[in-house]
>>> print(open('query_26.txt').read())   # compact mmCIF, C-alpha atoms and all ligand atoms
# COMPACT_ATOMS: atom_id res chain seq x y z
CA MET A 1 -8.76 -8.24 -19.20
CA ALA A 2 -12.22 -9.11 -20.58
CA MET A 3 -15.20 -7.88 -18.60
CA ALA A 4 -16.58 -10.61 -16.38
CA THR A 5 -20.21 -11.63 -16.85
CA GLU A 6 -22.34 -11.60 -13.68
CA VAL A 7 -22.31 -15.41 -13.49
CA GLY A 8 -18.62 -15.64 -14.38
CA LEU A 9 -17.76 -12.98 -11.84
CA GLN A 10 -19.74 -14.69 -9.11
CA GLN A 11 -17.96 -17.96 -9.80
CA SER A 12 -14.53 -16.36 -10.08
CA ILE A 13 -14.66 -14.37 -6.86
CA ALA A 14 -16.02 -16.98 -4.47
CA ILE A 15 -13.68 -16.76 -1.47
CA PRO A 16 -11.60 -19.93 -1.03
CA GLU A 17 -11.80 -21.76 2.30
CA THR A 18 -8.03 -21.31 2.66
CA TRP A 19 -8.47 -17.55 3.25
CA GLY A 20 -8.94 -17.39 7.01
CA HIS A 21 -8.16 -13.80 7.98
CA ARG A 22 -10.55 -11.38 9.65
CA HIS A 23 -8.06 -8.48 9.64
CA LEU A 24 -5.32 -7.15 7.38
CA LEU A 25 -2.67 -5.81 9.73
CA GLY A 26 0.48 -6.32 7.65
CA LEU A 27 2.19 -8.42 4.99
CA GLU A 28 4.80 -9.89 7.34
CA HIS A 29 2.59 -12.79 8.37
CA LEU A 30 0.84 -13.46 5.04
CA THR A 31 2.02 -16.31 2.83
CA ALA A 32 3.02 -15.91 -0.82
CA ASP A 33 -0.21 -17.69 -1.78
CA GLU A 34 -2.32 -15.30 0.29
CA ILE A 35 -0.60 -12.26 -1.23
CA THR A 36 -1.10 -13.71 -4.70
CA LEU A 37 -4.77 -14.30 -3.90
CA ILE A 38 -5.28 -10.62 -3.03
CA LEU A 39 -3.50 -9.56 -6.25
CA ASP A 40 -5.63 -11.95 -8.33
CA TYR A 41 -8.84 -10.64 -6.74
CA ALA A 42 -7.69 -7.06 -7.35
CA ASP A 43 -7.24 -7.81 -11.06
CA ARG A 44 -10.66 -9.47 -11.27
CA LEU A 45 -12.51 -6.73 -9.40
CA GLN A 46 -10.73 -4.01 -11.39
CA ALA A 47 -11.96 -5.65 -14.60
CA ALA A 48 -15.43 -6.37 -13.22
CA THR A 49 -15.95 -2.77 -12.11
CA GLU A 50 -14.44 -1.50 -15.37
CA TYR A 51 -12.10 0.83 -13.47
CA GLY A 52 -15.03 2.49 -11.72
CA ARG A 53 -17.47 2.73 -14.61
CA ARG A 54 -19.57 -0.09 -13.16
CA LYS A 55 -20.71 -0.61 -9.57
CA LEU A 56 -21.20 -4.04 -8.01
CA ASP A 57 -23.38 -4.82 -5.01
CA LEU A 58 -21.15 -7.50 -3.54
CA LEU A 59 -20.93 -5.68 -0.19
CA LYS A 60 -24.42 -4.17 -0.17
CA GLY A 61 -25.54 -3.78 3.45
CA LYS A 62 -21.97 -3.58 4.77
CA THR A 63 -20.44 -0.44 6.27
CA VAL A 64 -16.76 0.48 6.19
CA ALA A 65 -15.41 3.20 8.50
CA ASN A 66 -12.27 5.19 7.71
CA LEU A 67 -10.58 6.15 10.99
CA PHE A 68 -7.76 8.50 10.11
CA PHE A 69 -5.63 9.98 12.88
CA GLU A 70 -3.06 11.12 10.29
CA ASN A 71 -3.54 12.95 7.00
CA SER A 72 -4.10 11.06 3.75
CA THR A 73 -5.17 11.71 0.19
CA ARG A 74 -4.64 8.42 -1.65
CA THR A 75 -5.34 5.76 0.98
CA ARG A 76 -8.40 7.31 2.50
CA ASN A 77 -10.15 8.24 -0.73
CA SER A 78 -9.37 4.95 -2.41
CA PHE A 79 -10.70 2.91 0.52
CA SER A 80 -13.82 5.01 0.36
CA LEU A 81 -14.20 4.50 -3.41
CA ALA A 82 -13.37 0.79 -3.13
CA ALA A 83 -16.15 0.31 -0.58
CA LYS A 84 -18.63 2.27 -2.69
CA ARG A 85 -17.73 0.41 -5.90
CA LEU A 86 -18.68 -2.82 -4.10
CA GLY A 87 -21.93 -1.32 -2.81
CA ALA A 88 -20.92 -0.74 0.84
CA ASP A 89 -21.70 2.37 2.88
CA THR A 90 -18.85 4.40 4.36
CA VAL A 91 -18.27 6.46 7.51
CA GLU A 92 -15.52 9.07 7.38
CA PHE A 93 -13.72 9.97 10.62
CA SER A 94 -10.78 12.38 10.95
CA SER A 95 -9.24 13.04 14.34
CA SER A 96 -9.11 16.76 13.52
CA GLY A 97 -12.53 18.21 14.22
CA SER A 98 -13.59 15.15 16.24
CA SER A 99 -14.18 14.53 19.94
CA VAL A 100 -10.54 13.41 20.22
CA SER A 101 -9.88 17.11 20.84
CA LYS A 102 -12.12 16.80 23.95
CA GLY A 103 -9.97 13.98 25.31
CA GLU A 104 -11.79 10.91 23.96
CA THR A 105 -9.39 7.97 23.85
CA LEU A 106 -8.48 5.91 20.80
CA ILE A 107 -10.35 2.84 22.05
CA ASP A 108 -13.45 4.85 23.04
CA THR A 109 -13.39 6.53 19.63
CA ALA A 110 -13.07 3.21 17.80
CA LYS A 111 -15.76 1.52 19.90
CA THR A 112 -18.08 4.49 19.32
CA ILE A 113 -17.67 4.19 15.55
CA GLU A 114 -18.07 0.40 15.76
CA ALA A 115 -21.33 0.87 17.67
CA MET A 116 -22.72 2.53 14.53
CA MET A 117 -22.80 -1.05 13.19
CA VAL A 118 -19.74 -0.92 10.99
CA ASP A 119 -18.29 -4.14 9.60
CA ALA A 120 -14.71 -2.92 9.12
CA VAL A 121 -12.55 -0.06 10.32
CA VAL A 122 -9.66 1.19 8.23
CA VAL A 123 -7.23 2.85 10.62
CA ARG A 124 -4.23 5.12 10.13
CA HIS A 125 -2.29 6.26 13.18
CA SER A 126 1.18 7.55 13.99
CA SER A 127 1.75 4.85 16.64
CA PRO A 128 2.98 1.45 15.44
CA GLY A 129 0.67 -1.34 16.60
CA THR A 130 -2.52 0.74 16.70
CA PRO A 131 -4.38 -1.56 14.24
CA HIS A 132 -3.27 -4.59 16.27
CA LEU A 133 -4.64 -2.99 19.43
CA LEU A 134 -7.96 -2.28 17.71
CA ALA A 135 -8.11 -5.84 16.34
CA ARG A 136 -7.96 -7.07 19.95
CA SER A 137 -10.53 -4.53 21.15
CA LEU A 138 -13.20 -4.58 18.43
CA ASP A 139 -15.43 -7.28 17.00
CA CYS A 140 -15.32 -5.95 13.44
CA SER A 141 -12.54 -6.36 10.87
CA VAL A 142 -9.55 -4.02 11.14
CA ILE A 143 -7.41 -2.91 8.20
CA ASN A 144 -4.08 -1.19 8.70
CA ALA A 145 -3.88 1.95 6.56
CA GLY A 146 -0.45 2.84 7.97
CA ASP A 147 0.79 2.59 11.55
CA GLY A 148 3.70 4.96 12.10
CA PRO A 149 6.82 3.58 10.40
CA HIS A 150 5.69 -0.04 10.84
CA GLU A 151 3.51 -1.30 7.94
CA HIS A 152 1.19 -0.06 5.19
CA PRO A 153 0.04 -3.37 3.73
CA THR A 154 -2.34 -2.12 1.05
CA GLN A 155 0.39 0.25 -0.22
CA GLY A 156 2.80 -2.68 -0.47
CA LEU A 157 0.15 -4.70 -2.30
CA LEU A 158 -0.70 -1.96 -4.79
CA ASP A 159 2.97 -1.39 -5.53
CA ILE A 160 3.44 -5.11 -6.15
CA LEU A 161 0.27 -5.30 -8.27
CA THR A 162 1.57 -2.44 -10.43
CA ILE A 163 4.84 -4.29 -11.06
CA ARG A 164 3.02 -7.56 -11.73
CA GLN A 165 0.64 -5.92 -14.22
CA ASN A 166 3.65 -4.52 -16.09
CA ARG A 167 5.99 -7.51 -15.92
CA GLY A 168 3.68 -10.50 -15.40
CA SER A 169 5.61 -11.83 -12.39
CA LEU A 170 7.82 -10.61 -9.57
CA ARG A 171 10.13 -13.63 -9.66
CA GLY A 172 13.70 -12.70 -10.55
CA LEU A 173 13.07 -8.94 -10.77
CA THR A 174 15.30 -6.48 -8.93
CA VAL A 175 13.32 -3.79 -7.11
CA ALA A 176 15.09 -0.95 -5.29
CA LEU A 177 13.46 1.04 -2.51
CA VAL A 178 15.29 4.35 -2.42
CA GLY A 179 15.27 7.09 0.19
CA ASP A 180 13.91 7.34 3.70
CA ILE A 181 13.84 3.66 4.58
CA ALA A 182 14.13 4.29 8.32
CA HIS A 183 10.76 6.02 8.63
CA SER A 184 8.93 4.14 5.89
CA ARG A 185 6.01 1.80 6.55
CA THR A 186 5.79 1.41 2.78
CA ALA A 187 9.33 0.01 2.73
CA ARG A 188 8.52 -2.67 5.30
CA SER A 189 5.35 -3.83 3.57
CA ASN A 190 7.09 -3.82 0.17
CA ILE A 191 10.01 -5.84 1.54
CA TRP A 192 7.79 -8.56 3.04
CA GLY A 193 5.63 -8.83 -0.07
CA LEU A 194 8.37 -8.58 -2.70
CA LEU A 195 10.62 -11.15 -1.02
CA LYS A 196 7.77 -13.63 -0.65
CA LEU A 197 6.96 -13.34 -4.35
CA GLY A 198 10.58 -13.98 -5.39
CA ALA A 199 11.95 -10.50 -6.16
CA HIS A 200 15.45 -9.35 -5.24
CA VAL A 201 15.08 -6.24 -3.04
CA ILE A 202 17.66 -3.49 -2.58
CA VAL A 203 17.24 -0.73 0.00
CA CYS A 204 19.28 2.33 -0.90
CA GLY A 205 19.83 5.73 0.71
CA PRO A 206 22.07 7.66 3.06
CA ALA A 207 23.56 5.60 5.91
CA THR A 208 21.57 7.73 8.38
CA LEU A 209 18.35 6.43 6.80
CA VAL A 210 19.39 2.90 5.77
CA SER A 211 20.89 0.70 8.47
CA LYS A 212 23.01 -2.35 7.62
CA ASN A 213 20.61 -4.25 9.91
CA TRP A 214 18.09 -4.37 7.06
CA GLU A 215 20.21 -7.19 5.60
CA LYS A 216 18.77 -9.43 8.33
CA LEU A 217 15.41 -9.27 6.51
CA GLY A 218 17.04 -10.73 3.38
CA VAL A 219 17.49 -7.54 1.38
CA GLU A 220 20.61 -6.00 -0.16
CA VAL A 221 21.71 -2.73 1.45
CA ALA A 222 23.29 -0.11 -0.83
CA TYR A 223 24.46 3.45 -0.35
CA ASP A 224 25.38 4.32 -3.96
CA LEU A 225 22.35 4.64 -6.25
CA ASP A 226 24.53 5.00 -9.35
CA LYS A 227 26.15 1.61 -8.74
CA ILE A 228 22.89 -0.34 -8.37
CA LEU A 229 20.91 1.54 -11.03
CA PRO A 230 21.86 -0.59 -14.09
CA ARG A 231 20.55 -3.74 -12.32
CA CYS A 232 17.15 -2.36 -11.33
CA ASP A 233 13.85 -3.32 -13.00
CA ALA A 234 11.85 -0.96 -10.76
CA LEU A 235 12.73 1.94 -8.49
CA ASN A 236 10.30 2.87 -5.73
CA LEU A 237 11.30 6.36 -4.60
CA LEU A 238 10.21 6.85 -1.01
CA ARG A 239 9.39 10.27 0.32
CA ILE A 240 11.77 11.92 2.73
CA GLN A 241 9.51 12.12 5.78
CA PHE A 242 10.67 15.43 7.17
CA GLU A 243 7.76 15.43 9.64
CA ARG A 244 9.04 12.24 11.37
CA GLN A 245 12.67 13.40 11.65
CA ALA A 246 13.82 15.15 14.82
CA ILE A 247 17.21 15.88 13.22
CA ARG A 248 17.81 16.31 9.45
CA PRO A 249 19.57 13.04 8.44
CA PHE A 250 21.71 14.63 5.68
CA PRO A 251 23.57 17.94 5.45
CA SER A 252 21.20 19.52 2.92
CA VAL A 253 18.33 18.65 0.60
CA HIS A 254 20.59 19.70 -2.29
CA GLU A 255 23.17 17.08 -1.30
CA TYR A 256 20.45 14.42 -1.04
CA THR A 257 19.18 15.21 -4.52
CA LEU A 258 22.70 15.04 -5.99
CA LEU A 259 23.18 11.53 -4.62
CA TYR A 260 19.69 9.99 -4.69
CA ALA A 261 17.19 11.95 -6.80
CA MET A 262 16.05 10.17 -9.96
CA ASN A 263 16.63 12.52 -12.88
CA GLN A 264 16.88 12.34 -16.68
CA GLU A 265 20.61 11.71 -16.60
CA ARG A 266 20.20 8.73 -14.25
CA LEU A 267 17.30 7.49 -16.36
CA ARG A 268 19.63 7.31 -19.37
CA ARG A 269 21.90 4.98 -17.39
CA SER A 270 19.00 2.68 -16.35
CA LYS A 271 17.43 -0.29 -18.09
CA PRO A 272 15.23 1.10 -20.91
CA GLU A 273 12.10 -0.54 -19.45
CA ILE A 274 12.74 0.52 -15.83
CA MET A 275 9.57 1.32 -13.86
CA ILE A 276 9.66 4.57 -11.89
CA MET A 277 7.41 4.30 -8.85
CA ALA A 278 6.59 6.42 -5.81
CA PRO A 279 3.99 5.69 -3.15
CA GLY A 280 3.30 9.42 -2.87
CA PRO A 281 3.01 12.08 -1.87
CA ILE A 282 6.25 13.11 -3.57
CA ASN A 283 8.53 16.03 -2.81
CA ARG A 284 9.05 17.18 -6.40
CA GLY A 285 12.72 17.88 -7.05
CA VAL A 286 13.83 15.92 -3.97
CA GLU A 287 13.19 12.19 -4.57
CA LEU A 288 12.73 12.67 -8.32
CA THR A 289 12.59 15.49 -10.81
CA PRO A 290 9.28 16.56 -12.38
CA GLU A 291 10.47 15.29 -15.82
CA VAL A 292 10.92 11.79 -14.40
CA ALA A 293 7.78 11.88 -12.24
CA ASP A 294 5.68 12.82 -15.27
CA GLY A 295 7.73 10.94 -17.89
CA PRO A 296 7.00 7.76 -19.84
CA GLN A 297 8.70 5.41 -17.37
CA SER A 298 6.58 6.69 -14.48
CA VAL A 299 3.75 4.46 -13.22
CA ILE A 300 2.97 6.65 -10.22
CA LEU A 301 -0.63 7.33 -11.24
CA ASP A 302 -1.13 3.64 -12.13
CA GLN A 303 -0.20 2.93 -8.51
CA VAL A 304 -3.00 5.25 -7.40
CA THR A 305 -5.51 3.56 -9.72
CA ASN A 306 -4.41 0.12 -8.51
CA GLY A 307 -4.93 1.23 -4.91
CA ILE A 308 -8.68 1.04 -5.43
CA ALA A 309 -8.40 -2.48 -6.88
CA ILE A 310 -6.29 -3.72 -3.97
CA ARG A 311 -8.65 -2.14 -1.45
CA MET A 312 -11.72 -3.67 -3.15
CA ALA A 313 -10.01 -7.07 -2.99
CA THR A 314 -9.12 -6.57 0.67
CA LEU A 315 -12.64 -5.54 1.64
CA TRP A 316 -14.18 -8.40 -0.31
CA LEU A 317 -11.87 -11.00 1.22
CA LEU A 318 -12.43 -9.72 4.77
CA LEU A 319 -16.16 -9.00 4.56
CA GLY A 320 -17.47 -11.09 1.70
CA ARG A 321 -17.63 -14.45 3.41
CA SER A 322 -20.20 -13.30 5.96
CA HIS A 323 -22.30 -11.59 3.35
CA PRO A 324 -25.85 -12.93 3.04
CA ILE A 325 -25.63 -13.09 -0.78
CA LEU A 326 -22.53 -15.31 -0.60
CA PRO A 327 -24.48 -18.60 -0.86
CA PHE A 328 -25.73 -17.48 -4.27
CA LEU A 329 -22.15 -16.79 -5.37
CA CYS A 330 -20.82 -20.27 -4.75
N1 LIG A 401 0.85 6.58 -0.16
C1 LIG A 401 0.01 7.04 0.78
O1 LIG A 401 -0.23 6.41 1.80
O2 LIG A 401 -0.52 8.25 0.48
P1 LIG A 401 -1.53 9.06 1.40
O3 LIG A 401 -0.75 9.52 2.61
O4 LIG A 401 -1.98 10.22 0.55
O5 LIG A 401 -2.64 8.17 1.79
>>> encode(input="query_26.txt", output="structure tokens", more="lines below")
Ligand code: CP
Amino acid sequence: MAMATEVGLQQSIAIPETWGHRHLLGLEHLTADEITLILDYADRLQAATEYGRRKLDLLKGKTVANLFFENSTRTRNSFSLAAKRLGADTVEFSSSGSSVSKGETLIDTAKTIEAMMVDAVVVRHSSPGTPHLLARSLDCSVINAGDGPHEHPTQGLLDILTIRQNRGSLRGLTVALVGDIAHSRTARSNIWGLLKLGAHVIVCGPATLVSKNWEKLGVEVAYDLDKILPRCDALNLLRIQFERQAIRPFPSVHEYTLLYAMNQERLRRSKPEIMIMAPGPINRGVELTPEVADGPQSVILDQVTNGIAIRMATLWLLLGRSHPILPFLC
């Protein structure tokens, strides 16, 4: 994509009146047009910032706080970089090492951070609904960076952006989400977004991790990866979340890999242009072999790069309208 000029950029990223959201809590309640808008803005801001080589001051004077009550490498750092690439300041909060260990509650913690005059909090927490609770309790914008197994909207968006950048459109593509569907917030956000943009979605894994009930969402449920493989345009290999499982849902990791790990032999039986995706982190040798993870079909690191673009677009859409320089952009 050609680099936008300052004037062209300012015209192209004016926020349409139809975007009316203060928070991004999930993809379930966004329309196809709203999802497409975020993807379009991500493409434009990725080009305008030249993949990080150029900083913009679109959010100068704004402050974004990362509130992470669970560990993260990709989401946290890319929100931080996204904010900085648009000129915003950031506050970094981790529950470990904080006053949470002294008994401070979630709401008191969030209100304390908000009182430092932040404009948005990005929250990750193990309890589903935490971002929704904060959205009701705070005046600033709230962005869900993963709430337990519920949703991880920016992950869903960056996965979809990666497919769209490779294939041009989602319509008519078959995308399989493989692995630990039961515990996956990424699966839910992908399902909502992919279905709305016209993809056919298959969820595939052991019956202990993939309930037939998923069909009610409009997806195909499959238990045999080898049967669905020749139909798939993209495979998103979801991590087995051992830390969220009270009981191991399959007899052994070895058995899981025999049935569901993406390896060179399975790759040979796939469409030649199949996209191999993983939200990360990956358990190498469990969901996919190192040869496949690092091979030519893999777009795993593109997903990471696109995470910054999606998070810039999200921050701009949520915070840009109230920005004092906005009148000069329209
Ligand atoms: N995909 C994802 O959410 O990764 P992190 O846990 O590293 O943020």
>>> residues_near_ligand(input="query_26.txt", ligand="ligand LIG 401 (chain A)", cutoff="9 Å", atoms="all atoms listed in the file", output="list in words")
Glu70, Asn71, Ser72, Thr73, Arg74, Thr75, Arg76, Asn77, Ser78, Ala145, Gly146, His152, Thr154, Gln155, Thr186, Ala278, Pro279, Gly280, Pro281 and Val304 of chain A
>>> atom_distance(input="query_26.txt", atom1="CA of Ala65 in chain A", atom2="CA of Leu81 in chain A")
12.0 Å
>>> atom_distance(input="query_26.txt", atom1="CA of Thr162 in chain A", atom2="CA of Ala187 in chain A")
15.5 Å
>>> atom_distance(input="query_26.txt", atom1="CA of Thr289 in chain A", atom2="CA of Leu177 in chain A")
16.7 Å
>>> residues_around(input="query_26.txt", residues="Asp40 in chain A", least_positions_apart="6", cutoff="10 Å", atoms="all atoms listed in the file", output="PyMOL selection string")
chain A and resi 13+34+46+161+309-310+313
>>> write_last_selection(input="query_26.txt", atoms="C-alpha atoms", output="PDB file, in the frame of the given file")
ATOM      1  CA  ILE A  13     -14.660 -14.370  -6.860  1.00  0.00           C
ATOM      2  CA  GLU A  34      -2.320 -15.300   0.290  1.00  0.00           C
ATOM      3  CA  GLN A  46     -10.730  -4.010 -11.390  1.00  0.00           C
ATOM      4  CA  LEU A 161       0.270  -5.300  -8.270  1.00  0.00           C
ATOM      5  CA  ALA A 309      -8.400  -2.480  -6.880  1.00  0.00           C
ATOM      6  CA  ILE A 310      -6.290  -3.720  -3.970  1.00  0.00           C
ATOM      7  CA  ALA A 313     -10.010  -7.070  -2.990  1.00  0.00           C
TER       8      ALA A 313
END
>>> residues_around(input="query_26.txt", residues="range 101-110 of chain A", least_positions_apart="6", cutoff="8 Å", atoms="all atoms listed in the file", output="JSON, numbers by chain")
{"A": [67, 95, 134, 137, 138]}
>>> closest_residue(input="query_26.txt", among="A:Pro206, A:Gly179, A:Gly320, A:Pro296", to="Asn236 in chain A", atoms="all atoms listed in the file")
A:Gly179
>>> closest_residue(input="query_26.txt", among="A:Asp224, A:Asp147, A:Arg185, A:Thr112", to="Ser126 in chain A", atoms="only C-alpha atoms")
A:Asp147
>>> residues_around(input="query_26.txt", residues="Gly285 in chain A", least_positions_apart="4", cutoff="12 Å", atoms="all atoms listed in the file", output="number ranges by chain")
A: 237, 239-240, 253-258, 260-264, 289-294
>>> residues_around(input="query_26.txt", residues="Ala32 in chain A", least_positions_apart="2", cutoff="8 Å", atoms="all atoms listed in the file", output="mmCIF file with C-alpha atoms, in the coordinates of the input")
data_model
loop_
_atom_site.group_PDB
_atom_site.id
_atom_site.type_symbol
_atom_site.label_atom_id
_atom_site.label_comp_id
_atom_site.auth_asym_id
_atom_site.auth_seq_id
_atom_site.Cartn_x
_atom_site.Cartn_y
_atom_site.Cartn_z
ATOM 1 C CA LEU A 30 0.840 -13.460 5.040
ATOM 2 C CA GLU A 34 -2.320 -15.300 0.290
ATOM 3 C CA ILE A 35 -0.600 -12.260 -1.230
ATOM 4 C CA THR A 36 -1.100 -13.710 -4.700
ATOM 5 C CA GLY A 193 5.630 -8.830 -0.070
ATOM 6 C CA LYS A 196 7.770 -13.630 -0.650
ATOM 7 C CA LEU A 197 6.960 -13.340 -4.350
#
>>> decode(input="query_26.txt", residues="range 142-167 of chain A", atoms="N, CA and C atoms", output="PDB file, in the first residue's frame")
ATOM      1  N   VAL A 142     -12.908   1.217  27.559  1.00  0.00           N
ATOM      2  CA  VAL A 142     -12.391  -0.075  28.023  1.00  0.00           C
ATOM      3  C   VAL A 142     -12.227  -0.983  26.809  1.00  0.00           C
ATOM      4  N   ILE A 143     -11.081  -1.636  26.742  1.00  0.00           N
ATOM      5  CA  ILE A 143     -10.809  -2.580  25.648  1.00  0.00           C
ATOM      6  C   ILE A 143     -10.509  -3.941  26.263  1.00  0.00           C
ATOM      7  N   ASN A 144     -11.203  -4.943  25.762  1.00  0.00           N
ATOM      8  CA  ASN A 144     -11.011  -6.309  26.253  1.00  0.00           C
ATOM      9  C   ASN A 144      -9.773  -6.914  25.598  1.00  0.00           C
ATOM     10  N   ALA A 145      -8.788  -7.242  26.425  1.00  0.00           N
ATOM     11  CA  ALA A 145      -7.564  -7.889  25.918  1.00  0.00           C
ATOM     12  C   ALA A 145      -7.566  -9.374  26.272  1.00  0.00           C
ATOM     13  N   GLY A 146      -8.774  -9.910  26.537  1.00  0.00           N
ATOM     14  CA  GLY A 146      -8.916 -11.329  26.872  1.00  0.00           C
ATOM     15  C   GLY A 146      -9.532 -11.491  28.236  1.00  0.00           C
ATOM     16  N   ASP A 147     -10.792 -11.990  28.262  1.00  0.00           N
ATOM     17  CA  ASP A 147     -11.452 -12.226  29.555  1.00  0.00           C
ATOM     18  C   ASP A 147     -11.766 -13.712  29.693  1.00  0.00           C
ATOM     19  N   GLY A 148     -10.867 -14.401  30.430  1.00  0.00           N
ATOM     20  CA  GLY A 148     -11.028 -15.842  30.603  1.00  0.00           C
ATOM     21  C   GLY A 148     -11.209 -16.508  29.249  1.00  0.00           C
ATOM     22  N   PRO A 149     -12.141 -17.470  29.155  1.00  0.00           N
ATOM     23  CA  PRO A 149     -12.373 -18.144  27.869  1.00  0.00           C
ATOM     24  C   PRO A 149     -13.421 -17.443  27.014  1.00  0.00           C
ATOM     25  N   HIS A 150     -13.804 -16.209  27.367  1.00  0.00           N
ATOM     26  CA  HIS A 150     -14.944 -15.569  26.703  1.00  0.00           C
ATOM     27  C   HIS A 150     -14.578 -14.965  25.349  1.00  0.00           C
ATOM     28  N   GLU A 151     -13.903 -13.804  25.322  1.00  0.00           N
ATOM     29  CA  GLU A 151     -13.563 -13.155  24.050  1.00  0.00           C
ATOM     30  C   GLU A 151     -12.166 -12.530  24.116  1.00  0.00           C
ATOM     31  N   HIS A 152     -11.584 -12.369  22.939  1.00  0.00           N
ATOM     32  CA  HIS A 152     -10.297 -11.678  22.772  1.00  0.00           C
ATOM     33  C   HIS A 152     -10.435 -10.970  21.421  1.00  0.00           C
ATOM     34  N   PRO A 153     -11.214  -9.858  21.436  1.00  0.00           N
ATOM     35  CA  PRO A 153     -11.624  -9.280  20.151  1.00  0.00           C
ATOM     36  C   PRO A 153     -10.478  -8.821  19.256  1.00  0.00           C
ATOM     37  N   THR A 154      -9.437  -8.214  19.835  1.00  0.00           N
ATOM     38  CA  THR A 154      -8.366  -7.742  18.942  1.00  0.00           C
ATOM     39  C   THR A 154      -7.583  -8.923  18.359  1.00  0.00           C
ATOM     40  N   GLN A 155      -7.560 -10.069  19.065  1.00  0.00           N
ATOM     41  CA  GLN A 155      -6.927 -11.256  18.480  1.00  0.00           C
ATOM     42  C   GLN A 155      -7.752 -11.755  17.291  1.00  0.00           C
ATOM     43  N   GLY A 156      -9.077 -11.808  17.475  1.00  0.00           N
ATOM     44  CA  GLY A 156      -9.938 -12.209  16.360  1.00  0.00           C
ATOM     45  C   GLY A 156      -9.740 -11.288  15.165  1.00  0.00           C
ATOM     46  N   LEU A 157      -9.670  -9.994  15.433  1.00  0.00           N
ATOM     47  CA  LEU A 157      -9.517  -9.012  14.344  1.00  0.00           C
ATOM     48  C   LEU A 157      -8.174  -9.151  13.633  1.00  0.00           C
ATOM     49  N   LEU A 158      -7.113  -9.377  14.391  1.00  0.00           N
ATOM     50  CA  LEU A 158      -5.801  -9.482  13.733  1.00  0.00           C
ATOM     51  C   LEU A 158      -5.693 -10.778  12.945  1.00  0.00           C
ATOM     52  N   ASP A 159      -6.341 -11.829  13.419  1.00  0.00           N
ATOM     53  CA  ASP A 159      -6.362 -13.077  12.648  1.00  0.00           C
ATOM     54  C   ASP A 159      -7.101 -12.862  11.329  1.00  0.00           C
ATOM     55  N   ILE A 160      -8.243 -12.190  11.417  1.00  0.00           N
ATOM     56  CA  ILE A 160      -9.056 -11.945  10.218  1.00  0.00           C
ATOM     57  C   ILE A 160      -8.324 -11.002   9.258  1.00  0.00           C
ATOM     58  N   LEU A 161      -7.661  -9.978   9.807  1.00  0.00           N
ATOM     59  CA  LEU A 161      -6.895  -9.060   8.950  1.00  0.00           C
ATOM     60  C   LEU A 161      -5.801  -9.816   8.195  1.00  0.00           C
ATOM     61  N   THR A 162      -5.155 -10.758   8.883  1.00  0.00           N
ATOM     62  CA  THR A 162      -4.068 -11.523   8.252  1.00  0.00           C
ATOM     63  C   THR A 162      -4.602 -12.357   7.086  1.00  0.00           C
ATOM     64  N   ILE A 163      -5.774 -12.949   7.269  1.00  0.00           N
ATOM     65  CA  ILE A 163      -6.380 -13.722   6.166  1.00  0.00           C
ATOM     66  C   ILE A 163      -6.766 -12.766   5.040  1.00  0.00           C
ATOM     67  N   ARG A 164      -7.383 -11.636   5.398  1.00  0.00           N
ATOM     68  CA  ARG A 164      -7.841 -10.704   4.360  1.00  0.00           C
ATOM     69  C   ARG A 164      -6.665 -10.146   3.557  1.00  0.00           C
ATOM     70  N   GLN A 165      -5.547  -9.860   4.249  1.00  0.00           N
ATOM     71  CA  GLN A 165      -4.382  -9.328   3.513  1.00  0.00           C
ATOM     72  C   GLN A 165      -3.817 -10.364   2.541  1.00  0.00           C
ATOM     73  N   ASN A 166      -3.973 -11.651   2.876  1.00  0.00           N
ATOM     74  CA  ASN A 166      -3.468 -12.711   2.007  1.00  0.00           C
ATOM     75  C   ASN A 166      -4.436 -13.076   0.892  1.00  0.00           C
ATOM     76  N   ARG A 167      -5.731 -13.047   1.192  1.00  0.00           N
ATOM     77  CA  ARG A 167      -6.725 -13.548   0.236  1.00  0.00           C
ATOM     78  C   ARG A 167      -7.658 -12.470  -0.309  1.00  0.00           C
TER      79      ARG A 167
END
